[in-house]
>>> print(open('model34.pdb').read())   # PDB, C-alpha atoms and all ligand atoms
ATOM      1  CA  MET R   1     -81.899   3.288  40.005  1.00  0.00           C
ATOM      2  CA  GLN R   2     -82.013  -0.368  40.841  1.00  0.00           C
ATOM      3  CA  GLN R   3     -81.353  -1.125  44.509  1.00  0.00           C
ATOM      4  CA  ARG R   4     -78.887  -3.929  45.186  1.00  0.00           C
ATOM      5  CA  HIS R   5     -79.803  -6.049  48.168  1.00  0.00           C
ATOM      6  CA  THR R   6     -77.351  -7.814  50.426  1.00  0.00           C
ATOM      7  CA  PRO R   7     -77.712 -11.560  49.773  1.00  0.00           C
ATOM      8  CA  ARG R   8     -79.651 -13.215  52.587  1.00  0.00           C
ATOM      9  CA  LEU R   9     -77.763 -16.136  53.994  1.00  0.00           C
ATOM     10  CA  ALA R  10     -79.513 -18.504  56.370  1.00  0.00           C
ATOM     11  CA  VAL R  11     -77.957 -21.207  58.515  1.00  0.00           C
ATOM     12  CA  TYR R  12     -79.913 -24.429  59.002  1.00  0.00           C
ATOM     13  CA  PRO R  13     -78.170 -26.161  61.907  1.00  0.00           C
ATOM     14  CA  GLY R  14     -78.635 -29.641  63.279  1.00  0.00           C
ATOM     15  CA  SER R  15     -77.248 -33.110  63.820  1.00  0.00           C
ATOM     16  CA  PHE R  16     -78.732 -34.582  60.625  1.00  0.00           C
ATOM     17  CA  ASP R  17     -77.991 -38.119  61.803  1.00  0.00           C
ATOM     18  CA  PRO R  18     -79.276 -38.871  59.221  1.00  0.00           C
ATOM     19  CA  LEU R  19     -80.844 -36.307  56.908  1.00  0.00           C
ATOM     20  CA  THR R  20     -84.580 -37.012  56.496  1.00  0.00           C
ATOM     21  CA  ASN R  21     -87.078 -35.904  53.892  1.00  0.00           C
ATOM     22  CA  GLY R  22     -88.440 -33.553  56.543  1.00  0.00           C
ATOM     23  CA  HIS R  23     -85.079 -31.742  56.546  1.00  0.00           C
ATOM     24  CA  VAL R  24     -85.006 -31.789  52.742  1.00  0.00           C
ATOM     25  CA  ASP R  25     -88.490 -30.275  52.649  1.00  0.00           C
ATOM     26  CA  ILE R  26     -87.465 -27.424  54.986  1.00  0.00           C
ATOM     27  CA  ILE R  27     -84.373 -26.702  52.885  1.00  0.00           C
ATOM     28  CA  GLN R  28     -86.407 -26.655  49.678  1.00  0.00           C
ATOM     29  CA  ARG R  29     -88.800 -24.171  51.261  1.00  0.00           C
ATOM     30  CA  GLY R  30     -85.887 -22.171  52.651  1.00  0.00           C
ATOM     31  CA  VAL R  31     -84.175 -21.643  49.297  1.00  0.00           C
ATOM     32  CA  ARG R  32     -87.331 -19.906  48.122  1.00  0.00           C
ATOM     33  CA  LEU R  33     -87.016 -17.398  50.973  1.00  0.00           C
ATOM     34  CA  PHE R  34     -83.265 -16.919  51.247  1.00  0.00           C
ATOM     35  CA  ASP R  35     -80.548 -16.395  48.661  1.00  0.00           C
ATOM     36  CA  ARG R  36     -78.460 -19.173  50.127  1.00  0.00           C
ATOM     37  CA  ILE R  37     -78.760 -21.761  52.880  1.00  0.00           C
ATOM     38  CA  VAL R  38     -75.874 -23.336  54.730  1.00  0.00           C
ATOM     39  CA  ILE R  39     -76.719 -26.689  56.245  1.00  0.00           C
ATOM     40  CA  ALA R  40     -74.504 -26.640  59.341  1.00  0.00           C
ATOM     41  CA  LEU R  41     -73.753 -30.043  60.854  1.00  0.00           C
ATOM     42  CA  LEU R  42     -72.892 -29.919  64.506  1.00  0.00           C
ATOM     43  CA  VAL R  43     -69.645 -31.627  65.396  1.00  0.00           C
ATOM     44  CA  ASN R  44     -70.726 -32.983  68.734  1.00  0.00           C
ATOM     45  CA  ARG R  45     -68.005 -34.909  70.478  1.00  0.00           C
ATOM     46  CA  GLU R  46     -70.236 -36.038  73.324  1.00  0.00           C
ATOM     47  CA  LYS R  47     -72.927 -37.845  71.363  1.00  0.00           C
ATOM     48  CA  ALA R  48     -72.332 -41.172  69.649  1.00  0.00           C
ATOM     49  CA  PRO R  49     -73.899 -40.658  66.226  1.00  0.00           C
ATOM     50  CA  LEU R  50     -74.760 -43.492  63.840  1.00  0.00           C
ATOM     51  CA  PHE R  51     -73.050 -41.664  60.964  1.00  0.00           C
ATOM     52  CA  SER R  52     -69.731 -39.914  61.444  1.00  0.00           C
ATOM     53  CA  VAL R  53     -69.531 -36.200  60.633  1.00  0.00           C
ATOM     54  CA  GLU R  54     -67.613 -37.079  57.461  1.00  0.00           C
ATOM     55  CA  GLU R  55     -70.314 -39.525  56.386  1.00  0.00           C
ATOM     56  CA  ARG R  56     -73.081 -37.013  57.082  1.00  0.00           C
ATOM     57  CA  LEU R  57     -71.206 -34.276  55.247  1.00  0.00           C
ATOM     58  CA  GLU R  58     -70.711 -36.485  52.203  1.00  0.00           C
ATOM     59  CA  LEU R  59     -74.272 -37.785  52.209  1.00  0.00           C
ATOM     60  CA  THR R  60     -75.857 -34.349  52.635  1.00  0.00           C
ATOM     61  CA  ARG R  61     -73.653 -32.893  49.893  1.00  0.00           C
ATOM     62  CA  GLU R  62     -74.673 -35.758  47.616  1.00  0.00           C
ATOM     63  CA  VAL R  63     -78.375 -35.069  48.198  1.00  0.00           C
ATOM     64  CA  PHE R  64     -78.011 -31.336  47.387  1.00  0.00           C
ATOM     65  CA  ARG R  65     -75.436 -31.764  44.608  1.00  0.00           C
ATOM     66  CA  ALA R  66     -77.707 -30.133  42.028  1.00  0.00           C
ATOM     67  CA  GLU R  67     -78.754 -27.215  44.253  1.00  0.00           C
ATOM     68  CA  PRO R  68     -76.285 -24.324  43.811  1.00  0.00           C
ATOM     69  CA  ASN R  69     -77.784 -22.262  46.646  1.00  0.00           C
ATOM     70  CA  VAL R  70     -77.331 -24.948  49.270  1.00  0.00           C
ATOM     71  CA  GLU R  71     -73.996 -25.390  50.981  1.00  0.00           C
ATOM     72  CA  VAL R  72     -73.094 -28.049  53.535  1.00  0.00           C
ATOM     73  CA  ASP R  73     -70.627 -27.245  56.287  1.00  0.00           C
ATOM     74  CA  THR R  74     -69.749 -28.296  59.830  1.00  0.00           C
ATOM     75  CA  PHE R  75     -69.565 -26.203  62.957  1.00  0.00           C
ATOM     76  CA  ASP R  76     -68.321 -26.529  66.490  1.00  0.00           C
ATOM     77  CA  GLY R  77     -68.976 -24.278  69.484  1.00  0.00           C
ATOM     78  CA  LEU R  78     -71.781 -21.757  69.689  1.00  0.00           C
ATOM     79  CA  LEU R  79     -74.181 -21.618  66.754  1.00  0.00           C
ATOM     80  CA  VAL R  80     -74.475 -17.814  66.921  1.00  0.00           C
ATOM     81  CA  ASP R  81     -70.683 -17.490  66.656  1.00  0.00           C
ATOM     82  CA  TYR R  82     -70.693 -19.701  63.590  1.00  0.00           C
ATOM     83  CA  ALA R  83     -73.568 -17.690  62.062  1.00  0.00           C
ATOM     84  CA  ARG R  84     -71.737 -14.427  62.734  1.00  0.00           C
ATOM     85  CA  ARG R  85     -68.534 -15.751  61.168  1.00  0.00           C
ATOM     86  CA  ARG R  86     -70.531 -16.711  58.092  1.00  0.00           C
ATOM     87  CA  ARG R  87     -72.300 -13.304  58.092  1.00  0.00           C
ATOM     88  CA  ALA R  88     -75.667 -15.044  58.273  1.00  0.00           C
ATOM     89  CA  ASN R  89     -78.422 -13.202  60.101  1.00  0.00           C
ATOM     90  CA  VAL R  90     -81.006 -15.967  60.026  1.00  0.00           C
ATOM     91  CA  ILE R  91     -81.138 -19.356  61.719  1.00  0.00           C
ATOM     92  CA  VAL R  92     -83.733 -21.697  60.226  1.00  0.00           C
ATOM     93  CA  ARG R  93     -85.326 -24.397  62.358  1.00  0.00           C
ATOM     94  CA  GLY R  94     -88.085 -26.812  61.431  1.00  0.00           C
ATOM     95  CA  LEU R  95     -91.071 -27.026  63.754  1.00  0.00           C
ATOM     96  CA  ARG R  96     -93.119 -30.207  63.472  1.00  0.00           C
ATOM     97  CA  ALA R  97     -95.426 -30.252  66.446  1.00  0.00           C
ATOM     98  CA  ILE R  98     -96.180 -28.600  69.781  1.00  0.00           C
ATOM     99  CA  SER R  99     -93.745 -31.058  71.350  1.00  0.00           C
ATOM    100  CA  ASP R 100     -90.880 -29.370  69.461  1.00  0.00           C
ATOM    101  CA  PHE R 101     -91.920 -25.944  70.596  1.00  0.00           C
ATOM    102  CA  GLU R 102     -90.533 -25.739  74.111  1.00  0.00           C
ATOM    103  CA  TYR R 103     -87.006 -26.830  73.192  1.00  0.00           C
ATOM    104  CA  GLU R 104     -87.020 -24.614  70.116  1.00  0.00           C
ATOM    105  CA  LEU R 105     -88.298 -21.608  72.062  1.00  0.00           C
ATOM    106  CA  GLN R 106     -85.545 -22.049  74.635  1.00  0.00           C
ATOM    107  CA  MET R 107     -82.870 -22.272  71.959  1.00  0.00           C
ATOM    108  CA  ALA R 108     -84.219 -19.344  69.952  1.00  0.00           C
ATOM    109  CA  LEU R 109     -84.378 -17.086  73.008  1.00  0.00           C
ATOM    110  CA  MET R 110     -80.970 -18.152  74.271  1.00  0.00           C
ATOM    111  CA  ASN R 111     -79.491 -17.527  70.839  1.00  0.00           C
ATOM    112  CA  ARG R 112     -81.204 -14.125  70.746  1.00  0.00           C
ATOM    113  CA  ARG R 113     -79.735 -13.300  74.127  1.00  0.00           C
ATOM    114  CA  LEU R 114     -76.292 -14.265  72.827  1.00  0.00           C
ATOM    115  CA  ASN R 115     -76.690 -12.289  69.607  1.00  0.00           C
ATOM    116  CA  ASP R 116     -79.710 -10.081  69.077  1.00  0.00           C
ATOM    117  CA  GLU R 117     -78.868  -9.477  65.421  1.00  0.00           C
ATOM    118  CA  ILE R 118     -79.516 -13.069  64.400  1.00  0.00           C
ATOM    119  CA  GLU R 119     -83.161 -14.015  63.975  1.00  0.00           C
ATOM    120  CA  THR R 120     -84.502 -17.571  64.266  1.00  0.00           C
ATOM    121  CA  VAL R 121     -87.110 -18.382  61.621  1.00  0.00           C
ATOM    122  CA  PHE R 122     -89.312 -21.430  62.130  1.00  0.00           C
ATOM    123  CA  MET R 123     -90.655 -23.336  59.190  1.00  0.00           C
ATOM    124  CA  MET R 124     -93.238 -26.113  59.095  1.00  0.00           C
ATOM    125  CA  PRO R 125     -92.485 -29.171  56.981  1.00  0.00           C
ATOM    126  CA  ALA R 126     -95.039 -30.667  54.597  1.00  0.00           C
ATOM    127  CA  GLU R 127     -97.665 -32.626  56.532  1.00  0.00           C
ATOM    128  CA  PRO R 128     -96.416 -36.125  55.581  1.00  0.00           C
ATOM    129  CA  TYR R 129     -93.157 -35.359  57.421  1.00  0.00           C
ATOM    130  CA  THR R 130     -94.590 -33.919  60.617  1.00  0.00           C
ATOM    131  CA  TYR R 131     -93.891 -37.137  62.537  1.00  0.00           C
ATOM    132  CA  VAL R 132     -90.545 -37.964  60.922  1.00  0.00           C
ATOM    133  CA  SER R 133     -87.389 -37.671  63.014  1.00  0.00           C
ATOM    134  CA  SER R 134     -83.840 -38.936  62.540  1.00  0.00           C
ATOM    135  CA  ARG R 135     -84.173 -40.876  65.791  1.00  0.00           C
ATOM    136  CA  LEU R 136     -87.299 -42.761  64.675  1.00  0.00           C
ATOM    137  CA  VAL R 137     -85.860 -43.413  61.213  1.00  0.00           C
ATOM    138  CA  LYS R 138     -82.806 -45.060  62.789  1.00  0.00           C
ATOM    139  CA  GLU R 139     -84.891 -47.092  65.212  1.00  0.00           C
ATOM    140  CA  VAL R 140     -87.370 -48.323  62.586  1.00  0.00           C
ATOM    141  CA  PHE R 141     -84.643 -49.202  60.110  1.00  0.00           C
ATOM    142  CA  ALA R 142     -82.528 -50.997  62.719  1.00  0.00           C
ATOM    143  CA  LEU R 143     -85.539 -53.133  63.634  1.00  0.00           C
ATOM    144  CA  GLY R 144     -86.220 -54.103  60.018  1.00  0.00           C
ATOM    145  CA  GLY R 145     -88.986 -51.611  59.140  1.00  0.00           C
ATOM    146  CA  SER R 146     -89.202 -49.634  55.934  1.00  0.00           C
ATOM    147  CA  VAL R 147     -88.198 -45.982  55.873  1.00  0.00           C
ATOM    148  CA  ALA R 148     -88.818 -45.625  52.129  1.00  0.00           C
ATOM    149  CA  GLY R 149     -90.129 -42.160  51.336  1.00  0.00           C
ATOM    150  CA  LEU R 150     -89.047 -40.786  54.699  1.00  0.00           C
ATOM    151  CA  VAL R 151     -85.383 -40.281  53.799  1.00  0.00           C
ATOM    152  CA  PRO R 152     -83.586 -39.563  50.515  1.00  0.00           C
ATOM    153  CA  ALA R 153     -82.701 -42.724  48.542  1.00  0.00           C
ATOM    154  CA  ALA R 154     -78.991 -42.117  49.184  1.00  0.00           C
ATOM    155  CA  VAL R 155     -79.622 -42.127  52.943  1.00  0.00           C
ATOM    156  CA  GLU R 156     -81.652 -45.322  52.727  1.00  0.00           C
ATOM    157  CA  ALA R 157     -78.823 -46.992  50.806  1.00  0.00           C
ATOM    158  CA  ARG R 158     -76.291 -45.861  53.456  1.00  0.00           C
ATOM    159  CA  LEU R 159     -78.498 -47.170  56.236  1.00  0.00           C
ATOM    160  CA  ALA R 160     -78.680 -50.504  54.441  1.00  0.00           C
ATOM    161  CA  ALA R 161     -74.899 -50.549  54.054  1.00  0.00           C
ATOM    162  CA  LYS R 162     -74.439 -49.734  57.760  1.00  0.00           C
ATOM    163  CA  TYR R 163     -76.688 -52.542  58.843  1.00  0.00           C
ATOM    164  CA  GLN R 164     -75.632 -54.747  55.904  1.00  0.00           C
ATOM    165  CA  THR R 165     -79.217 -55.365  54.888  1.00  0.00           C
ATOM    166  CA  GLN R 166     -81.411 -54.727  51.922  1.00  0.00           C
ATOM    167  CA  PRO R 167     -83.880 -51.836  52.389  1.00  0.00           C
ATOM    168  CA  ALA R 168     -87.168 -53.315  53.648  1.00  0.00           C
ATOM    169  CA  ALA R 169     -89.911 -53.532  51.035  1.00  0.00           C
ATOM    170  CA  GLY R 170     -92.744 -51.000  51.074  1.00  0.00           C
TER
HETATM  171  O1  LIG U 201     -81.081 -31.178  65.129  1.00  0.00           O
HETATM  172  P1  LIG U 201     -80.683 -30.929  66.553  1.00  0.00           P
HETATM  173  O2  LIG U 201     -79.756 -31.990  67.038  1.00  0.00           O
HETATM  174  O3  LIG U 201     -81.873 -30.719  67.452  1.00  0.00           O
HETATM  175  O4  LIG U 201     -79.837 -29.548  66.534  1.00  0.00           O
HETATM  176  C1  LIG U 201     -79.466 -28.921  67.725  1.00  0.00           C
HETATM  177  C2  LIG U 201     -78.477 -27.779  67.448  1.00  0.00           C
HETATM  178  C3  LIG U 201     -77.275 -28.280  66.655  1.00  0.00           C
HETATM  179  C4  LIG U 201     -79.169 -26.709  66.636  1.00  0.00           C
HETATM  180  C5  LIG U 201     -78.041 -27.197  68.815  1.00  0.00           C
HETATM  181  O5  LIG U 201     -77.626 -28.229  69.642  1.00  0.00           O
HETATM  182  C6  LIG U 201     -76.917 -26.171  68.719  1.00  0.00           C
HETATM  183  O6  LIG U 201     -77.093 -25.111  68.169  1.00  0.00           O
HETATM  184  N1  LIG U 201     -75.729 -26.530  69.252  1.00  0.00           N
HETATM  185  C7  LIG U 201     -74.561 -25.686  69.194  1.00  0.00           C
HETATM  186  C8  LIG U 201     -74.164 -25.168  70.573  1.00  0.00           C
HETATM  187  C9  LIG U 201     -74.962 -23.945  70.926  1.00  0.00           C
HETATM  188  O7  LIG U 201     -74.923 -22.928  70.246  1.00  0.00           O
HETATM  189  N2  LIG U 201     -75.697 -24.054  72.030  1.00  0.00           N
HETATM  190  C10 LIG U 201     -76.574 -23.022  72.503  1.00  0.00           C
HETATM  191  C11 LIG U 201     -77.873 -23.022  71.709  1.00  0.00           C
HETATM  192  S1  LIG U 201     -79.129 -22.362  72.635  1.00  0.00           S
END
>>> encode(input="model34.pdb", output="structure tokens", more="lines below")
Ligand code: PNS
Amino acid sequence: MQQRHTPRLAVYPGSFDPLTNGHVDIIQRGVRLFDRIVIALLVNREKAPLFSVEERLELTREVFRAEPNVEVDTFDGLLVDYARRRRANVIVRGLRAISDFEYELQMALMNRRLNDEIETVFMMPAEPYTYVSSRLVKEVFALGGSVAGLVPAAVEARLAAKYQTQPAAG
């Protein structure tokens, strides 16, 4: 008799301000491991993001429009509570370099302490994205540098619209 397995749902949380090709790469790898991934945008009232939650939601949904196993949602409060509500037992986080490790270790262990049934899974992005961060993308773009190839085309167009510029060549 064929065994039915419970669909594995993973939550990929973050600020995604904005989504980079490093994030996209992790999600593409993740959908090969899990039945479904929920990209969970943190609604953080304290930070002043470049893109509003609504803009990020719309942009991220646009990028994954053709991917039926990727959902985009927002969350507030504790990540483990959100994951439990969604019946997800995996949290996916990207790990680029040693410098990410300490913060990620702290979060993973704190989340484990809060809910031992939810496992954090770390995934490495493709090498060309190991230095890419939302913060650097924003800084480079704001100062007139090119971020072509580092973010999805839709994100680049939104950055250009925000700063009312043409994307830099190259
Ligand atoms: O991409 P980011 O900004 O590094 O993502 C950080 C995020 C959203 C994963 C983290 O801040 C988070 O989970 N916040 C929700 C509040 C929470 O659960 N805090 C305790 C985590 S140890």
>>> resolve_selection(input="model34.pdb", expression="the PyMOL selection byres (((chain R and resi 151) around 6) and not hetatm)", output="list in words")
Thr20, Asn21, Gly149, Leu150 and Pro152 of chain R
>>> residues_near_ligand(input="model34.pdb", ligand="ligand LIG 201 (chain U)", cutoff="9 Å", atoms="all atoms listed in the file", output="PDB file with C-alpha atoms, in the coordinates of the input")
ATOM      1  CA  TYR R  12     -79.913 -24.429  59.002  1.00  0.00           C
ATOM      2  CA  PRO R  13     -78.170 -26.161  61.907  1.00  0.00           C
ATOM      3  CA  GLY R  14     -78.635 -29.641  63.279  1.00  0.00           C
ATOM      4  CA  SER R  15     -77.248 -33.110  63.820  1.00  0.00           C
ATOM      5  CA  PHE R  16     -78.732 -34.582  60.625  1.00  0.00           C
ATOM      6  CA  ASP R  17     -77.991 -38.119  61.803  1.00  0.00           C
ATOM      7  CA  ALA R  40     -74.504 -26.640  59.341  1.00  0.00           C
ATOM      8  CA  LEU R  41     -73.753 -30.043  60.854  1.00  0.00           C
ATOM      9  CA  LEU R  42     -72.892 -29.919  64.506  1.00  0.00           C
ATOM     10  CA  VAL R  43     -69.645 -31.627  65.396  1.00  0.00           C
ATOM     11  CA  ASN R  44     -70.726 -32.983  68.734  1.00  0.00           C
ATOM     12  CA  PHE R  75     -69.565 -26.203  62.957  1.00  0.00           C
ATOM     13  CA  ASP R  76     -68.321 -26.529  66.490  1.00  0.00           C
ATOM     14  CA  GLY R  77     -68.976 -24.278  69.484  1.00  0.00           C
ATOM     15  CA  LEU R  78     -71.781 -21.757  69.689  1.00  0.00           C
ATOM     16  CA  LEU R  79     -74.181 -21.618  66.754  1.00  0.00           C
ATOM     17  CA  VAL R  80     -74.475 -17.814  66.921  1.00  0.00           C
ATOM     18  CA  ASP R  81     -70.683 -17.490  66.656  1.00  0.00           C
ATOM     19  CA  TYR R  82     -70.693 -19.701  63.590  1.00  0.00           C
ATOM     20  CA  ARG R  93     -85.326 -24.397  62.358  1.00  0.00           C
ATOM     21  CA  TYR R 103     -87.006 -26.830  73.192  1.00  0.00           C
ATOM     22  CA  GLU R 104     -87.020 -24.614  70.116  1.00  0.00           C
ATOM     23  CA  GLN R 106     -85.545 -22.049  74.635  1.00  0.00           C
ATOM     24  CA  MET R 107     -82.870 -22.272  71.959  1.00  0.00           C
ATOM     25  CA  ALA R 108     -84.219 -19.344  69.952  1.00  0.00           C
ATOM     26  CA  LEU R 109     -84.378 -17.086  73.008  1.00  0.00           C
ATOM     27  CA  MET R 110     -80.970 -18.152  74.271  1.00  0.00           C
ATOM     28  CA  ASN R 111     -79.491 -17.527  70.839  1.00  0.00           C
ATOM     29  CA  ARG R 112     -81.204 -14.125  70.746  1.00  0.00           C
ATOM     30  CA  LEU R 114     -76.292 -14.265  72.827  1.00  0.00           C
ATOM     31  CA  SER R 134     -83.840 -38.936  62.540  1.00  0.00           C
TER      32      SER R 134
END
>>> atom_distance(input="model34.pdb", atom1="CA of Asp25 (chain R)", atom2="CA of Phe122 (chain R)")
13.0 Å
>>> residues_near_point(input="model34.pdb", point="(-78.7, -13.7, 48.5)", cutoff="9 Å", atoms="all atoms listed in the file", output="ChimeraX atom specification")
/R:5-9,34-36,69
>>> resolve_selection(input="model34.pdb", expression="the PyMOL selection byres (((chain R and resi 147) around 10) and not hetatm)", output="list in words")
Thr20, Val132, Leu136, Val137, Lys138, Glu139, Val140, Phe141, Gly144, Gly145, Ser146, Ala148, Gly149, Leu150, Val151, Pro152, Ala153, Val155, Glu156, Leu159, Pro167, Ala168, Ala169 and Gly170 of chain R
>>> closest_residue(input="model34.pdb", among="R:Arg84, R:Arg113, R:His23, R:Lys162", to="Val63 (chain R)", atoms="only C-alpha atoms")
R:His23
>>> resolve_selection(input="model34.pdb", expression="the PyMOL selection byres (((chain R and resi 123) around 6) and not hetatm)", output="MDAnalysis selection string")
chainID R and resid 94:95 122 124
>>> closest_residue(input="model34.pdb", among="R:Ser52, R:Gln164, R:Asn89, R:Thr60", to="Glu119 (chain R)", atoms="only C-alpha atoms")
R:Asn89
>>> decode(input="model34.pdb", residues="region 102-111 of chain R", atoms="all heavy atoms", output="mmCIF file, in the first residue's frame")
data_model
loop_
_atom_site.group_PDB
_atom_site.id
_atom_site.type_symbol
_atom_site.label_atom_id
_atom_site.label_comp_id
_atom_site.auth_asym_id
_atom_site.auth_seq_id
_atom_site.Cartn_x
_atom_site.Cartn_y
_atom_site.Cartn_z
ATOM 1 N N GLU R 102 26.784 33.692 13.634
ATOM 2 C CA GLU R 102 26.501 33.936 15.047
ATOM 3 C C GLU R 102 25.049 34.369 15.282
ATOM 4 O O GLU R 102 24.354 33.828 16.146
ATOM 5 C CB GLU R 102 27.472 34.977 15.613
ATOM 6 C CG GLU R 102 27.511 34.913 17.108
ATOM 7 C CD GLU R 102 28.658 35.703 17.692
ATOM 8 O OE1 GLU R 102 29.677 35.895 16.997
ATOM 9 O OE2 GLU R 102 28.508 36.145 18.839
ATOM 10 N N TYR R 103 24.610 35.320 14.477
ATOM 11 C CA TYR R 103 23.226 35.815 14.573
ATOM 12 C C TYR R 103 22.244 34.676 14.280
ATOM 13 O O TYR R 103 21.245 34.495 14.991
ATOM 14 C CB TYR R 103 23.085 36.967 13.574
ATOM 15 C CG TYR R 103 21.707 37.491 13.314
ATOM 16 C CD1 TYR R 103 20.925 38.010 14.346
ATOM 17 C CD2 TYR R 103 21.186 37.538 12.018
ATOM 18 C CE1 TYR R 103 19.660 38.523 14.085
ATOM 19 C CE2 TYR R 103 19.931 38.054 11.749
ATOM 20 C CZ TYR R 103 19.168 38.538 12.785
ATOM 21 O OH TYR R 103 17.929 39.048 12.519
ATOM 22 N N GLU R 104 22.555 33.898 13.249
ATOM 23 C CA GLU R 104 21.648 32.824 12.860
ATOM 24 C C GLU R 104 21.605 31.723 13.923
ATOM 25 O O GLU R 104 20.545 31.157 14.187
ATOM 26 C CB GLU R 104 22.070 32.240 11.503
ATOM 27 C CG GLU R 104 21.921 33.219 10.350
ATOM 28 C CD GLU R 104 20.480 33.668 10.107
ATOM 29 O OE1 GLU R 104 19.544 32.945 10.481
ATOM 30 O OE2 GLU R 104 20.307 34.764 9.552
ATOM 31 N N LEU R 105 22.757 31.430 14.512
ATOM 32 C CA LEU R 105 22.805 30.426 15.576
ATOM 33 C C LEU R 105 21.949 30.868 16.758
ATOM 34 O O LEU R 105 21.150 30.101 17.302
ATOM 35 C CB LEU R 105 24.249 30.196 16.026
ATOM 36 C CG LEU R 105 24.426 29.221 17.182
ATOM 37 C CD1 LEU R 105 24.243 27.780 16.718
ATOM 38 C CD2 LEU R 105 25.802 29.371 17.832
ATOM 39 N N GLN R 106 22.097 32.133 17.134
ATOM 40 C CA GLN R 106 21.314 32.668 18.250
ATOM 41 C C GLN R 106 19.818 32.543 17.966
ATOM 42 O O GLN R 106 19.046 32.093 18.812
ATOM 43 C CB GLN R 106 21.639 34.150 18.468
ATOM 44 C CG GLN R 106 22.952 34.382 19.163
ATOM 45 C CD GLN R 106 23.243 35.860 19.309
ATOM 46 O OE1 GLN R 106 22.539 36.717 18.764
ATOM 47 N NE2 GLN R 106 24.290 36.188 20.034
ATOM 48 N N MET R 107 19.431 32.942 16.769
ATOM 49 C CA MET R 107 17.995 32.886 16.432
ATOM 50 C C MET R 107 17.494 31.447 16.403
ATOM 51 O O MET R 107 16.420 31.147 16.930
ATOM 52 C CB MET R 107 17.750 33.535 15.066
ATOM 53 C CG MET R 107 17.635 35.017 15.145
ATOM 54 S SD MET R 107 16.602 35.683 13.825
ATOM 55 C CE MET R 107 17.495 35.208 12.397
ATOM 56 N N ALA R 108 18.283 30.570 15.777
ATOM 57 C CA ALA R 108 17.841 29.172 15.656
ATOM 58 C C ALA R 108 17.674 28.545 17.041
ATOM 59 O O ALA R 108 16.694 27.838 17.305
ATOM 60 C CB ALA R 108 18.840 28.379 14.821
ATOM 61 N N LEU R 109 18.626 28.826 17.933
ATOM 62 C CA LEU R 109 18.544 28.202 19.265
ATOM 63 C C LEU R 109 17.438 28.818 20.111
ATOM 64 O O LEU R 109 16.773 28.122 20.882
ATOM 65 C CB LEU R 109 19.906 28.277 19.969
ATOM 66 C CG LEU R 109 21.011 27.467 19.274
ATOM 67 C CD1 LEU R 109 22.313 27.536 20.059
ATOM 68 C CD2 LEU R 109 20.606 26.011 19.057
ATOM 69 N N MET R 110 17.256 30.127 19.950
ATOM 70 C CA MET R 110 16.141 30.768 20.675
ATOM 71 C C MET R 110 14.808 30.224 20.173
ATOM 72 O O MET R 110 13.919 29.880 20.962
ATOM 73 C CB MET R 110 16.202 32.287 20.492
ATOM 74 C CG MET R 110 15.124 33.035 21.234
ATOM 75 S SD MET R 110 15.205 32.778 23.028
ATOM 76 C CE MET R 110 16.408 34.033 23.486
ATOM 77 N N ASN R 111 14.694 30.111 18.858
ATOM 78 C CA ASN R 111 13.447 29.566 18.298
ATOM 79 C C ASN R 111 13.231 28.121 18.749
ATOM 80 O O ASN R 111 12.108 27.710 19.020
ATOM 81 C CB ASN R 111 13.458 29.659 16.766
ATOM 82 C CG ASN R 111 13.178 31.073 16.293
ATOM 83 O OD1 ASN R 111 12.496 31.843 16.967
ATOM 84 N ND2 ASN R 111 13.707 31.440 15.144
#
